[in-house]
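The next block holds one structure in the form of structure tokens; read it before the comments.
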Amino acid sequence: MLDSITYIHWLIVGLVLLGLELAGATMGYLLCLGLSALVVGLVKWIVPSLSWELQLISFAVFALFTTWLWWRYRKQIYREDNKTNLLNRRMDQLVGKTTRLEEAVDVGSCRIKLGDTYWSAKASTAIAAGSRVKVVDVDGHILTIEPVDAD
């Protein structure tokens with residue numbers, strides 16, 4: 001039965017897998033399998049005497065290789081997206097926010113209220129109470145603040 005596998009079978013399997021990829025949300029993994037099946041179909045068309053064992057081994061090798069390539073591509077895209085995505089990085093979301101100081105701040109560490117939360121902060125200059133300050137950087141869990149110039 002396996003001896004009767006032709007290139008048409010591989011092309012059908014490849015197209016079915018590509019169709020399932022379009023219909024579902026598999027993140028590209030059926031795309032890899034579908035392309036691998038199409039490549040094996042092409043190889044079987046070029047080399048009609050290819051045994052069924054070599055066809056299956058070829059499919060497995062192509063599938064592993066294309067899946068590895070897809071994984072590396074997605075990993076790179078994920079890293080690039082995370083550089084600009086501030087979701088679940090609340091401290092980084094605070095950079096650029098301004099608030100009015102409730103207490104005077106000496107050089108060094110202090111606490112500021114930003115929104116409804118008190119945050120540990122540090123300032124490089126003394127800042128009077130009631131002054132507007134801006135968060136300019138985050139170092140771990142400590143905000144770096146600077147006074148905002150009153151124009």
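By convention in this document, the chains of the structure tokens carry letters A, B, ... by their order, each chain's residues are numbered from 1, and ligands are numbered from 1 in the order they are shown.
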
Would you mind listing what lies within 9 Å of segment 123-135 of chain A as an mmCIF file with N, CA and C atoms, in the first residue's frame, with only C-alpha atoms counted and same-chain residues fewer than 2 positions away left out?
```cif
data_model
loop_
_atom_site.group_PDB
_atom_site.id
_atom_site.type_symbol
_atom_site.label_atom_id
_atom_site.label_comp_id
_atom_site.auth_asym_id
_atom_site.auth_seq_id
_atom_site.Cartn_x
_atom_site.Cartn_y
_atom_site.Cartn_z
ATOM 1 N N LEU A 94 5.620 54.414 33.159
ATOM 2 C CA LEU A 94 5.614 55.656 33.928
ATOM 3 C C LEU A 94 6.583 56.706 33.380
ATOM 4 N N VAL A 95 7.526 56.292 32.540
ATOM 5 C CA VAL A 95 8.491 57.249 31.994
ATOM 6 C C VAL A 95 7.737 58.294 31.172
ATOM 7 N N GLY A 96 8.006 59.568 31.494
ATOM 8 C CA GLY A 96 7.335 60.671 30.806
ATOM 9 C C GLY A 96 6.157 61.235 31.592
ATOM 10 N N LYS A 97 5.681 60.532 32.607
ATOM 11 C CA LYS A 97 4.551 61.007 33.421
ATOM 12 C C LYS A 97 5.021 62.138 34.340
ATOM 13 N N THR A 98 4.121 63.049 34.629
ATOM 14 C CA THR A 98 4.437 64.151 35.535
ATOM 15 C C THR A 98 3.502 64.110 36.725
ATOM 16 N N THR A 99 3.979 64.675 37.827
ATOM 17 C CA THR A 99 3.179 64.766 39.045
ATOM 18 C C THR A 99 3.675 65.960 39.846
ATOM 19 N N ARG A 100 2.904 66.341 40.856
ATOM 20 C CA ARG A 100 3.281 67.436 41.746
ATOM 21 C C ARG A 100 3.731 66.825 43.070
ATOM 22 N N LEU A 101 4.882 67.282 43.555
ATOM 23 C CA LEU A 101 5.440 66.727 44.794
ATOM 24 C C LEU A 101 4.621 67.167 45.992
ATOM 25 N N GLU A 102 4.363 66.238 46.902
ATOM 26 C CA GLU A 102 3.661 66.554 48.148
ATOM 27 C C GLU A 102 4.638 67.025 49.214
ATOM 28 N N GLU A 103 5.884 66.542 49.130
ATOM 29 C CA GLU A 103 6.914 66.899 50.112
ATOM 30 C C GLU A 103 8.169 67.342 49.379
ATOM 31 N N ALA A 104 8.970 68.139 50.052
ATOM 32 C CA ALA A 104 10.244 68.550 49.456
ATOM 33 C C ALA A 104 11.154 67.331 49.335
ATOM 34 N N VAL A 105 11.971 67.332 48.294
ATOM 35 C CA VAL A 105 12.859 66.207 48.027
ATOM 36 C C VAL A 105 14.297 66.691 48.090
ATOM 37 N N ASP A 106 15.113 66.005 48.888
ATOM 38 C CA ASP A 106 16.540 66.287 48.900
ATOM 39 C C ASP A 106 17.211 65.433 47.829
ATOM 40 N N VAL A 107 18.482 65.696 47.598
ATOM 41 C CA VAL A 107 19.230 64.880 46.640
ATOM 42 C C VAL A 107 19.277 63.449 47.168
ATOM 43 N N GLY A 108 18.962 62.500 46.323
ATOM 44 C CA GLY A 108 18.977 61.096 46.715
ATOM 45 C C GLY A 108 17.603 60.479 46.589
ATOM 46 N N SER A 109 17.307 59.517 47.476
ATOM 47 C CA SER A 109 16.058 58.764 47.342
ATOM 48 C C SER A 109 14.908 59.464 48.046
ATOM 49 N N CYS A 110 13.704 59.193 47.544
ATOM 50 C CA CYS A 110 12.489 59.777 48.096
ATOM 51 C C CYS A 110 11.310 58.908 47.677
ATOM 52 N N ALA A 121 11.673 56.775 44.455
ATOM 53 C CA ALA A 121 12.259 57.587 43.390
ATOM 54 C C ALA A 121 13.590 58.128 43.865
ATOM 55 N N ASP A 137 13.448 58.205 33.907
ATOM 56 C CA ASP A 137 14.106 56.910 33.739
ATOM 57 C C ASP A 137 13.613 55.959 34.814
ATOM 58 N N VAL A 138 13.838 54.678 34.591
ATOM 59 C CA VAL A 138 13.520 53.636 35.559
ATOM 60 C C VAL A 138 14.774 52.808 35.752
ATOM 61 N N LEU A 143 12.240 55.033 40.349
ATOM 62 C CA LEU A 143 12.027 56.022 39.310
ATOM 63 C C LEU A 143 13.043 57.146 39.459
ATOM 64 N N THR A 144 13.547 57.647 38.359
ATOM 65 C CA THR A 144 14.407 58.816 38.392
ATOM 66 C C THR A 144 13.565 60.013 37.972
ATOM 67 N N ILE A 145 13.567 61.052 38.826
ATOM 68 C CA ILE A 145 12.723 62.217 38.553
ATOM 69 C C ILE A 145 13.583 63.464 38.371
ATOM 70 N N GLU A 146 13.031 64.404 37.606
ATOM 71 C CA GLU A 146 13.659 65.708 37.413
ATOM 72 C C GLU A 146 12.566 66.759 37.472
ATOM 73 N N PRO A 147 12.915 67.970 37.935
ATOM 74 C CA PRO A 147 11.891 69.031 37.954
ATOM 75 C C PRO A 147 11.507 69.437 36.525
ATOM 76 N N VAL A 148 10.233 69.787 36.374
ATOM 77 C CA VAL A 148 9.743 70.259 35.081
ATOM 78 C C VAL A 148 9.859 71.786 35.091
ATOM 79 N N ASP A 149 10.470 72.353 34.074
ATOM 80 C CA ASP A 149 10.630 73.791 33.994
ATOM 81 C C ASP A 149 9.275 74.454 33.826
ATOM 82 N N ALA A 150 9.006 75.464 34.627
ATOM 83 C CA ALA A 150 7.758 76.228 34.489
ATOM 84 C C ALA A 150 7.977 77.296 33.427
#
```

Practice task
Would you list the contacts of segment 17-33 of chain A as a PyMOL selection string, taking every protein, DNA or RNA residue within 7 Å and counting only C-alpha atoms, but skipping same-chain residues closer than 6 positions in sequence?
Solution key: chain A and resi 63+66-67

Deliver the residues from the most recent selection as a file, using C-alpha atoms, as a PDB file, in the first residue's frame.
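File written: out.pdb
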```pdb
ATOM      1  CA  ALA A  63       9.271  19.290   8.438  1.00  0.00           C
ATOM      2  CA  THR A  66      11.076  24.266   8.223  1.00  0.00           C
ATOM      3  CA  THR A  67       9.616  24.187  11.740  1.00  0.00           C
TER       4      THR A  67
END
```

Problem - Of the listed residues A:Tyr7, A:Glu80, A:Asp116, A:Val40, that which approaches Ala60 of chain A most closely, counting only C-alpha atoms - result: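 That would be A:Val40, the residue with the smallest distance to Ala60 of chain A.
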
Identify, on the basis of only C-alpha atoms, every residue whose closest approach to Gly14 of chain A does not exceed 8 Å; exclude the query and any residue fewer than 2 positions from it along the same chain; express the result as a PDB file with N, CA and C atoms, in the first residue's frame.
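Saved to result.pdb:
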```pdb
ATOM      1  N   TRP A  10       1.312  13.486  -2.161  1.00  0.00           N
ATOM      2  CA  TRP A  10       2.036  14.488  -1.374  1.00  0.00           C
ATOM      3  C   TRP A  10       1.511  15.892  -1.643  1.00  0.00           C
ATOM      4  N   LEU A  11       1.194  16.179  -2.899  1.00  0.00           N
ATOM      5  CA  LEU A  11       0.644  17.496  -3.230  1.00  0.00           C
ATOM      6  C   LEU A  11      -0.716  17.711  -2.567  1.00  0.00           C
ATOM      7  N   ILE A  12      -1.539  16.666  -2.547  1.00  0.00           N
ATOM      8  CA  ILE A  12      -2.848  16.765  -1.890  1.00  0.00           C
ATOM      9  C   ILE A  12      -2.666  16.981  -0.384  1.00  0.00           C
ATOM     10  N   VAL A  16      -3.910  20.280   1.593  1.00  0.00           N
ATOM     11  CA  VAL A  16      -4.841  20.144   2.717  1.00  0.00           C
ATOM     12  C   VAL A  16      -4.253  20.798   3.971  1.00  0.00           C
ATOM     13  N   LEU A  17      -2.971  20.560   4.240  1.00  0.00           N
ATOM     14  CA  LEU A  17      -2.342  21.172   5.405  1.00  0.00           C
ATOM     15  C   LEU A  17      -2.291  22.694   5.278  1.00  0.00           C
ATOM     16  N   LEU A  18      -2.014  23.201   4.090  1.00  0.00           N
ATOM     17  CA  LEU A  18      -2.021  24.651   3.881  1.00  0.00           C
ATOM     18  C   LEU A  18      -3.430  25.220   4.056  1.00  0.00           C
ATOM     19  N   LEU A  33       4.501  22.122   7.779  1.00  0.00           N
ATOM     20  CA  LEU A  33       4.222  20.746   7.365  1.00  0.00           C
ATOM     21  C   LEU A  33       3.689  20.706   5.939  1.00  0.00           C
ATOM     22  N   GLY A  34       2.820  21.659   5.594  1.00  0.00           N
ATOM     23  CA  GLY A  34       2.280  21.701   4.248  1.00  0.00           C
ATOM     24  C   GLY A  34       3.353  21.957   3.206  1.00  0.00           C
ATOM     25  N   LEU A  35       4.245  22.908   3.497  1.00  0.00           N
ATOM     26  CA  LEU A  35       5.344  23.173   2.566  1.00  0.00           C
ATOM     27  C   LEU A  35       6.263  21.967   2.444  1.00  0.00           C
ATOM     28  N   SER A  36       6.496  21.280   3.546  1.00  0.00           N
ATOM     29  CA  SER A  36       7.339  20.082   3.510  1.00  0.00           C
ATOM     30  C   SER A  36       6.709  18.998   2.642  1.00  0.00           C
ATOM     31  N   ALA A  37       5.419  18.819   2.761  1.00  0.00           N
ATOM     32  CA  ALA A  37       4.734  17.823   1.930  1.00  0.00           C
ATOM     33  C   ALA A  37       4.807  18.210   0.451  1.00  0.00           C
ATOM     34  N   LEU A  38       4.664  19.492   0.159  1.00  0.00           N
ATOM     35  CA  LEU A  38       4.777  19.940  -1.238  1.00  0.00           C
ATOM     36  C   LEU A  38       6.188  19.714  -1.782  1.00  0.00           C
TER      37      LEU A  38
END
```

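Taking only C-alpha atoms into account, Phe62 of chain A lies nearest to A:Gly41 out of the set A:Gly41, A:Ser120, A:Arg89, A:Ile142.
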
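Separating atom CA of Val39 of chain A from atom CA of Ser58 of chain A is a distance of 9.0 Å.
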
Practice task
Just the helix (DSSP H, G or I) stuff from segment 21-141 of chain A, please, per backbone DSSP, written as a ChimeraX atom specification.
Solution key: /A:21-23,29-46,52-84,90-93
